[in-house]
Amino acid sequence: MVTVTAKPDRDPGAPGCDGAEDPEQAPAAAEGPLESQPEPPVRGQALFRAAETLVSWVEARSRRVVPDEWNPLLHSGAVANTLLITACVTGVLLLVWYSPSVHLAHASMRAMEAGWLSRLVRAAHRYSSDGCMAFTLWHALRLASARRFTGARWLAWVTGGMAVGLLWAVGWLGYWLVWDETAREIALVSARAADVLPIFNDPMSREFVADATVNSLLFFVVFFVHMLLPLGMGIALWLHIARLARPEFLAARPLALALVLGILALSAVLPPVAAAPALMAVVPGRMALDAWYLWPLLLFDASSGGRVVAWTLAVGIPVFAAPWLLARARRPAANIVTPRCNACEQCVKDCPYDAIAMVPRDDERRFPAQARVDPSRCLSCGICVGSCHTGAATLPHYDMLRERARLEQWSAPGGGAAHAVAFLCHDAVPPGLRVDEDGHCNALPGYRACMVPCAGWVQAITVSRLLRRGATHVLIVGCGGVARFREGMRWTRLRIADERDVGLHDRRLAERVRIIEGNPRQVDALRQQAAAFLAHRPAPAPRAVPRWAGAVVTACMTAALLWGGSVVSWAPRKMPPRLAVSFRHPGAMEEQCRRLSQEEQARRPPHMRRDTECERRRQPVRLEVFVDGQRVHAQAYPPHGLWGDGASVGLESWELPAGHHDVMVRIGDGADPDAWPFVSARRLELKEGVRPAVVFDRASGFTWYPGPP
């Protein structure tokens with residue numbers, strides 16, 4: 001027979017344990033509860049609550065069929081990083097078959113489709129890129145719905161937004177490199193947007209007037225940027241997790257294998273196929289579209305570069321400024337009462353944000369170090385309070401000793417009828433739930449409730465003292481799904497299970513404690529679980545799902561998600577035939593002289609004094625276009641360059657009715673307005689969906705691109 005000896009009935013976290021100075025005696029309970037909310041609500045709280053409801057509903061349904069460790073929706077950040085690495089690896093492998101040349105790119109893509117290995121690698125590259133974007137957006141929605149972007153989280157939010165932007169740019173440019181009909185539209189939209197910005201001296205749209213004008217060097221630059229941007233993403237991701245302790249950067253091996261299995265299965269069954277080769281003079285018909293990256297084509301056509309830039313600024317600025325635009329006042333950071341600190345380092349181990357560090361002692365205590373909080377990192381979650389058994393860690397706005405005194409006053413003999421105590425995480429309960437000054441809750445009959453910043457704030461010693469002083473049960477309600485403060489529920493479960501140094505240390509007491517996940521929109525479910533606990537009904541066991549079933553469901557979920565982004569089709573807006581005229585030509589040099597006055601000469605050094613001063617500038621270049629004998633365009637284009645000594649550049653286009661037209665283009669480059677040294681004319685047949693072009697430069701003169709017959 002094995003005899004079990006109970007541990008002494010002594011609070012392991014009682015004042016004075018481990019040689020630390022006795023904390024202050026618990027003060028008398030003040031009137032009313034303390035302000036438990038870590039931070040005031042953000043602006044637009046109703047919208048974030050609605051998003052949180054959607055996220056919780058989706059995740060709750062997925063958890064019914066997929067275990068948490070296999071569920072990619074619950075590990076979206078790690079899954080996105082895993083798929084990003086998969087996309088990078090497959091992208092490097094594609095260089096074995098791909099030719100980064102505007103003349104050979106499409107042919108090399110067609111050659112890939114003919115080989116099973118190259119086809120599989122290309123499909124895996126496509127679908128892993130799609131998966132990375134899909135789970136990145138889900139990750140952003142999860143964090144935004146939980147309001148995890150205010151305070152010290154601003155760095156993670158801003159760098160995460162940068163990573164999303166870079167990821168989209170990588171995918172957008174990747175489709176450009178296919179150089180098919182879809183790539184044609186991508187290039188035109190990109191060029192029109194770039195022309196709006198003061199970046200390039202010449203309009204980039206000139207490069208895509210005709211097939212022969214597409215610059216091979218520009219195509220290689222796009223390829224180089226596509227290969228380089230993942231490095232910038234790596235830097236952004238490093239900063240993204242810089243303030244997190246124990247970040248889940250990559251998915252666990254079983255989940256990663258299930259993801260890869262789903263991608264390979266989809267790649268083998270539905271490999272992507274390139275569209276017809278790009279023809280700049282021909283508007284393509286309906287084509288398949290990757291909705292994860294090519295959604296701008298659904299909103300903008302090739303002529304709306306200004307709207308692209310305006311929309312990007314209108315969305316990007318509020319998103320990046322959200323930590324400051326939406327946040328309200330911030331709670332003060334946690335504080336360490338140095339005389340109580342015994343250098344156990346438990347708060348350093350438990351802090352989810354690396355906001356606490358051990359530093360040399362600044363008093364005469366015999367301990368080698370003391371804890372110190374970095375206010376720029378602290379989120380006032382109170383997890384350090386729950387990990388500190390000596391009471392050294394405190395929240396200025398939610399003092400643990402004062403709240404403990406109030407709770408013990410209820411549980412002490414003479415404090416009223418026997419009751420249970422409920423610790424309610426502020427972000428895990430419905431907004432309509434109310435707790436009065438005496439702890440009575442409108443949704444939890446039979447309980448005295450206490451609102452806390454986070455379930456991790458609850459000390460095991462506090463739970464022990466309440467149970468020993470008369471409380472019948474202790475219920476702890478924490479965040480389910482997206483936790484506001486990451487690891488609060490995890491540490492609380494381990495403490496109550498006595499798997500931490502600051503645990504409950506009494507298995508008999510643990511039977512009277514239950515930890516459940518709350519839902520901000522399901523007050524009835526909370527009431528039922530709380531009543532079941534009082535009635536001594538066991539907590540419902542999670543549904544057991546075989547590991548193989550979890551792997552299969554995860555693979556199928558991933559494949560369905562990625563396939564859904566590929567079923568969108570799109571066709572460019574049909575427009576009448578359009579004639580384009582482009583030129584780059586330096587105007588004639590002109591010397592303009594003026595006589596300097598005596599005062600101007602006197603202000604100059606003796607060796608720079610002269611009677612006249614001359615400036616050499618180029619004349620504007622004049623362009624006139626006639627269609628069927630009618631002048632449709634006449635304009636002078638000033639020279640480019642800081643000093644007005646560069647070439648003049650022009651790009652114009654006009655809608656014309658279908659049919660045959662006589663077109664004449666003439667260019668003048670001198671001071672004489674009647675001199676037209678460069679003239680060319682031709683009869684063109686304009687068809688719907690065909691865009692002929694005329695290109696002029698000084699070296700080769702006029703070149704006509706009438707389009708396909």
# chains A, B, ... in the order shown; residues from 1 in each chain; ligands from 1
>>> closest_atom_pairs(of="segment 488-551 of chain A", to="segment 347-366 of chain A", cutoff="10 Å", atoms="only C-alpha atoms", output="tab-separated table")
residue	atom	partner	partner_atom	distance
A:Gly488	CA	A:Pro352	CA	8.5
A:Arg490	CA	A:Asp350	CA	9.9
A:Trp491	CA	A:Asp350	CA	7.4
>>> residues_around(residues="Arg507 of chain A", least_positions_apart="2", cutoff="12 Å", atoms="only C-alpha atoms", output="list in words")
Val4, Ala6, Lys7, Ser464, Arg495, Ile496, Ala497, Asp498, Glu499, Gly503, Leu504, His505, Leu509, Ala510, Glu511, Arg512 and Val513 of chain A
>>> write_last_selection(atoms="C-alpha atoms", output="PDB file, in the first residue's frame")
ATOM      1  CA  VAL A   4       0.242   9.637   0.290  1.00  0.00           C
ATOM      2  CA  ALA A   6      -0.481  15.675   2.012  1.00  0.00           C
ATOM      3  CA  LYS A   7       1.675  18.756   1.803  1.00  0.00           C
ATOM      4  CA  SER A 464      -5.728  28.492  -3.106  1.00  0.00           C
ATOM      5  CA  ARG A 495      -0.323  26.637 -12.858  1.00  0.00           C
ATOM      6  CA  ILE A 496      -3.591  25.023 -11.834  1.00  0.00           C
ATOM      7  CA  ALA A 497      -2.291  21.637 -13.024  1.00  0.00           C
ATOM      8  CA  ASP A 498       0.790  22.236 -10.818  1.00  0.00           C
ATOM      9  CA  GLU A 499       3.151  22.046 -13.795  1.00  0.00           C
ATOM     10  CA  GLY A 503       1.440  26.172  -9.322  1.00  0.00           C
ATOM     11  CA  LEU A 504      -1.466  25.304  -7.042  1.00  0.00           C
ATOM     12  CA  HIS A 505       0.557  22.636  -5.193  1.00  0.00           C
ATOM     13  CA  LEU A 509      -7.939  21.927  -4.576  1.00  0.00           C
ATOM     14  CA  ALA A 510      -7.440  21.567  -8.332  1.00  0.00           C
ATOM     15  CA  GLU A 511     -10.602  19.453  -8.499  1.00  0.00           C
ATOM     16  CA  ARG A 512     -12.597  22.534  -7.459  1.00  0.00           C
ATOM     17  CA  VAL A 513     -11.119  24.731 -10.201  1.00  0.00           C
TER      18      VAL A 513
END
>>> atom_distance(atom1="atom CA of Ser569 of chain A", atom2="atom CA of Val196 of chain A")
28.0 Å
>>> residues_around(residues="segment 130-139 of chain A", least_positions_apart="2", cutoff="8 Å", atoms="only C-alpha atoms", output="list in words")
Leu73, Ser76, Gly77, Val79, Ala80, Asn81, Thr82, Leu83, Leu84, Arg126, Tyr127, Ser128, Leu141, Arg142, Leu143, Val164, Leu167, Trp168, Trp292, Tyr293, Thr558, Leu561, Leu562 and Gly565 of chain A
>>> write_last_selection(atoms="N, CA and C atoms", output="tab-separated table (two decimals), in the first residue's frame")
chain	number	residue	atom	x	y	z
A	73	LEU	N	-5.95	27.17	-39.48
A	73	LEU	CA	-6.55	28.45	-39.15
A	73	LEU	C	-6.12	28.95	-37.79
A	76	SER	N	-2.16	30.41	-38.19
A	76	SER	CA	-2.10	31.04	-39.51
A	76	SER	C	-0.76	31.72	-39.76
A	77	GLY	N	-0.19	32.37	-38.77
A	77	GLY	CA	1.10	33.03	-38.98
A	77	GLY	C	2.20	32.04	-39.30
A	79	VAL	N	1.81	28.99	-40.44
A	79	VAL	CA	1.50	28.35	-41.71
A	79	VAL	C	1.92	29.25	-42.88
A	80	ALA	N	1.64	30.55	-42.77
A	80	ALA	CA	2.03	31.47	-43.84
A	80	ALA	C	3.54	31.49	-44.03
A	81	ASN	N	4.30	31.48	-42.94
A	81	ASN	CA	5.76	31.46	-43.06
A	81	ASN	C	6.25	30.16	-43.67
A	82	THR	N	5.63	29.05	-43.30
A	82	THR	CA	6.02	27.76	-43.87
A	82	THR	C	5.77	27.74	-45.37
A	83	LEU	N	4.64	28.25	-45.79
A	83	LEU	CA	4.33	28.28	-47.22
A	83	LEU	C	5.20	29.28	-47.96
A	84	LEU	N	5.61	30.35	-47.29
A	84	LEU	CA	6.53	31.30	-47.92
A	84	LEU	C	7.87	30.63	-48.22
A	126	ARG	N	3.08	28.11	-57.45
A	126	ARG	CA	1.87	28.93	-57.56
A	126	ARG	C	0.97	28.75	-56.34
A	127	TYR	N	0.69	27.51	-55.97
A	127	TYR	CA	-0.28	27.28	-54.89
A	127	TYR	C	0.31	27.59	-53.52
A	128	SER	N	1.60	27.37	-53.31
A	128	SER	CA	2.19	27.76	-52.03
A	128	SER	C	2.21	29.27	-51.88
A	141	LEU	N	-6.56	39.32	-40.17
A	141	LEU	CA	-7.94	39.48	-39.71
A	141	LEU	C	-8.09	39.01	-38.27
A	142	ARG	N	-7.45	37.90	-37.93
A	142	ARG	CA	-7.52	37.40	-36.54
A	142	ARG	C	-6.98	38.42	-35.56
A	143	LEU	N	-5.80	38.97	-35.87
A	143	LEU	CA	-5.18	39.91	-34.95
A	143	LEU	C	-5.95	41.22	-34.89
A	164	VAL	N	2.97	42.12	-45.87
A	164	VAL	CA	1.85	41.82	-46.76
A	164	VAL	C	2.01	42.55	-48.09
A	167	LEU	N	4.72	40.89	-50.06
A	167	LEU	CA	4.26	39.59	-50.56
A	167	LEU	C	3.38	39.78	-51.79
A	168	TRP	N	2.47	40.74	-51.72
A	168	TRP	CA	1.62	40.99	-52.89
A	168	TRP	C	2.46	41.44	-54.09
A	292	TRP	N	-5.99	35.93	-55.36
A	292	TRP	CA	-5.19	36.33	-54.21
A	292	TRP	C	-4.21	37.45	-54.56
A	293	TYR	N	-3.77	37.52	-55.79
A	293	TYR	CA	-2.78	38.52	-56.18
A	293	TYR	C	-3.27	39.46	-57.29
A	558	THR	N	-6.73	22.94	-47.16
A	558	THR	CA	-5.74	23.77	-47.84
A	558	THR	C	-5.97	23.77	-49.35
A	561	LEU	N	-9.08	25.80	-50.28
A	561	LEU	CA	-8.85	27.23	-50.13
A	561	LEU	C	-8.05	27.78	-51.31
A	562	LEU	N	-7.03	27.08	-51.73
A	562	LEU	CA	-6.19	27.56	-52.83
A	562	LEU	C	-6.91	27.43	-54.16
A	565	GLY	N	-9.24	30.34	-54.98
A	565	GLY	CA	-8.67	31.57	-55.50
A	565	GLY	C	-8.35	31.52	-56.97
>>> closest_residue(among="A:Arg64, A:Arg666, A:Val178, A:Asp290", to="Ser99 of chain A", atoms="only C-alpha atoms")
A:Val178
>>> atom_distance(atom1="atom CA of Trp311 of chain A", atom2="atom CA of Ala46 of chain A")
24.8 Å
>>> closest_residue(among="A:Val482, A:Leu466, A:Ala460, A:Ala124", to="Asp427 of chain A", atoms="only C-alpha atoms")
A:Val482
>>> select_by_dssp(residues="segment 463-524 of chain A", states="strand (DSSP E or B)", output="number ranges by chain")
A: 474-479, 513-518
>>> write_last_selection(atoms="C-alpha atoms", output="PDB file, in the first residue's frame")
ATOM      1  CA  VAL A 474     -13.299  28.791  -8.688  1.00  0.00           C
ATOM      2  CA  LEU A 475     -14.128  29.307 -12.353  1.00  0.00           C
ATOM      3  CA  ILE A 476     -11.602  30.977 -14.658  1.00  0.00           C
ATOM      4  CA  VAL A 477     -12.910  32.219 -18.012  1.00  0.00           C
ATOM      5  CA  GLY A 478     -10.246  33.109 -20.561  1.00  0.00           C
ATOM      6  CA  CYS A 479      -9.960  33.947 -24.225  1.00  0.00           C
ATOM      7  CA  VAL A 513     -11.119  24.731 -10.201  1.00  0.00           C
ATOM      8  CA  ARG A 514     -12.251  24.800 -13.805  1.00  0.00           C
ATOM      9  CA  ILE A 515     -10.841  26.796 -16.719  1.00  0.00           C
ATOM     10  CA  ILE A 516     -13.038  27.391 -19.754  1.00  0.00           C
ATOM     11  CA  GLU A 517     -12.812  29.411 -22.943  1.00  0.00           C
ATOM     12  CA  GLY A 518     -15.279  32.249 -23.172  1.00  0.00           C
TER      13      GLY A 518
END
>>> select_by_dssp(residues="segment 472-517 of chain A", states="helix (DSSP H, G or I)", output="mmCIF file with N, CA and C atoms, in the first residue's frame")
data_model
loop_
_atom_site.group_PDB
_atom_site.id
_atom_site.type_symbol
_atom_site.label_atom_id
_atom_site.label_comp_id
_atom_site.auth_asym_id
_atom_site.auth_seq_id
_atom_site.Cartn_x
_atom_site.Cartn_y
_atom_site.Cartn_z
ATOM 1 N N GLY A 488 -1.773 33.780 -21.904
ATOM 2 C CA GLY A 488 -2.405 33.839 -20.592
ATOM 3 C C GLY A 488 -3.100 32.552 -20.199
ATOM 4 N N MET A 489 -3.909 31.991 -21.099
ATOM 5 C CA MET A 489 -4.623 30.750 -20.791
ATOM 6 C C MET A 489 -3.653 29.582 -20.628
ATOM 7 N N ARG A 490 -2.614 29.558 -21.412
ATOM 8 C CA ARG A 490 -1.651 28.452 -21.340
ATOM 9 C C ARG A 490 -0.998 28.397 -19.971
ATOM 10 N N TRP A 491 -0.505 29.539 -19.485
ATOM 11 C CA TRP A 491 0.167 29.537 -18.183
ATOM 12 C C TRP A 491 -0.814 29.237 -17.053
ATOM 13 N N THR A 492 -2.045 29.741 -17.173
ATOM 14 C CA THR A 492 -3.025 29.498 -16.115
ATOM 15 C C THR A 492 -3.337 28.009 -15.998
ATOM 16 N N ARG A 493 -3.496 27.341 -17.110
ATOM 17 C CA ARG A 493 -3.767 25.903 -17.070
ATOM 18 C C ARG A 493 -2.595 25.150 -16.426
ATOM 19 N N LEU A 494 -1.376 25.518 -16.779
ATOM 20 C CA LEU A 494 -0.214 24.840 -16.215
ATOM 21 C C LEU A 494 -0.079 25.121 -14.720
ATOM 22 N N ARG A 495 -0.414 26.327 -14.293
ATOM 23 C CA ARG A 495 -0.323 26.637 -12.858
ATOM 24 C C ARG A 495 -1.341 25.828 -12.060
ATOM 25 N N ILE A 496 -2.564 25.767 -12.557
ATOM 26 C CA ILE A 496 -3.591 25.023 -11.834
ATOM 27 C C ILE A 496 -3.282 23.527 -11.855
ATOM 28 N N ARG A 507 -3.460 18.922 -5.282
ATOM 29 C CA ARG A 507 -4.321 18.281 -6.266
ATOM 30 C C ARG A 507 -5.768 18.266 -5.812
ATOM 31 N N ARG A 508 -5.995 18.231 -4.500
ATOM 32 C CA ARG A 508 -7.371 18.227 -4.009
ATOM 33 C C ARG A 508 -8.071 19.533 -4.328
ATOM 34 N N LEU A 509 -7.340 20.632 -4.245
ATOM 35 C CA LEU A 509 -7.939 21.927 -4.576
ATOM 36 C C LEU A 509 -8.167 22.056 -6.076
ATOM 37 N N ALA A 510 -7.306 21.448 -6.879
ATOM 38 C CA ALA A 510 -7.440 21.567 -8.332
ATOM 39 C C ALA A 510 -8.753 20.985 -8.823
#
>>> atom_distance(atom1="atom CA of Ala107 of chain A", atom2="atom CA of Trp179 of chain A")
9.4 Å
>>> residues_around(residues="segment 109-116 of chain A", least_positions_apart="6", cutoff="8 Å", atoms="only C-alpha atoms", output="NGL selection string")
:A and (97-98 or 122 or 178 or 273-274)
>>> residues_around(residues="Val429 of chain A", least_positions_apart="5", cutoff="7 Å", atoms="only C-alpha atoms", output="list in words")
Leu424, Gly518, Asn519 and Pro520 of chain A
>>> write_last_selection(atoms="C-alpha atoms", output="PDB file, in the first residue's frame")
ATOM      1  CA  LEU A 424     -13.632  36.686 -16.009  1.00  0.00           C
ATOM      2  CA  GLY A 518     -15.279  32.249 -23.172  1.00  0.00           C
ATOM      3  CA  ASN A 519     -16.986  33.676 -26.232  1.00  0.00           C
ATOM      4  CA  PRO A 520     -17.775  37.384 -26.492  1.00  0.00           C
TER       5      PRO A 520
END
>>> closest_residue(among="A:Arg484, A:Trp570, A:Asp68, A:Glu624", to="Pro296 of chain A", atoms="only C-alpha atoms")
A:Trp570
>>> residues_around(residues="segment 651-658 of chain A", least_positions_apart="5", cutoff="7 Å", atoms="only C-alpha atoms", output="PyMOL selection string")
chain A and resi 206+576-583+686-688
>>> closest_residue(among="A:Ala265, A:Met204, A:Pro606, A:Ala681", to="Val649 of chain A", atoms="only C-alpha atoms")
A:Met204
>>> residues_around(residues="segment 49-55 of chain A", least_positions_apart="5", cutoff="7 Å", atoms="only C-alpha atoms", output="ChimeraX atom specification")
/A:142,145-146,521
>>> closest_residue(among="A:Ile235, A:Ile383, A:Ile186, A:Val102", to="Gly305 of chain A", atoms="only C-alpha atoms")
A:Ile186
>>> closest_residue(among="A:Gln528, A:Thr390, A:Thr312, A:Gln459", to="Ala343 of chain A", atoms="only C-alpha atoms")
A:Thr390
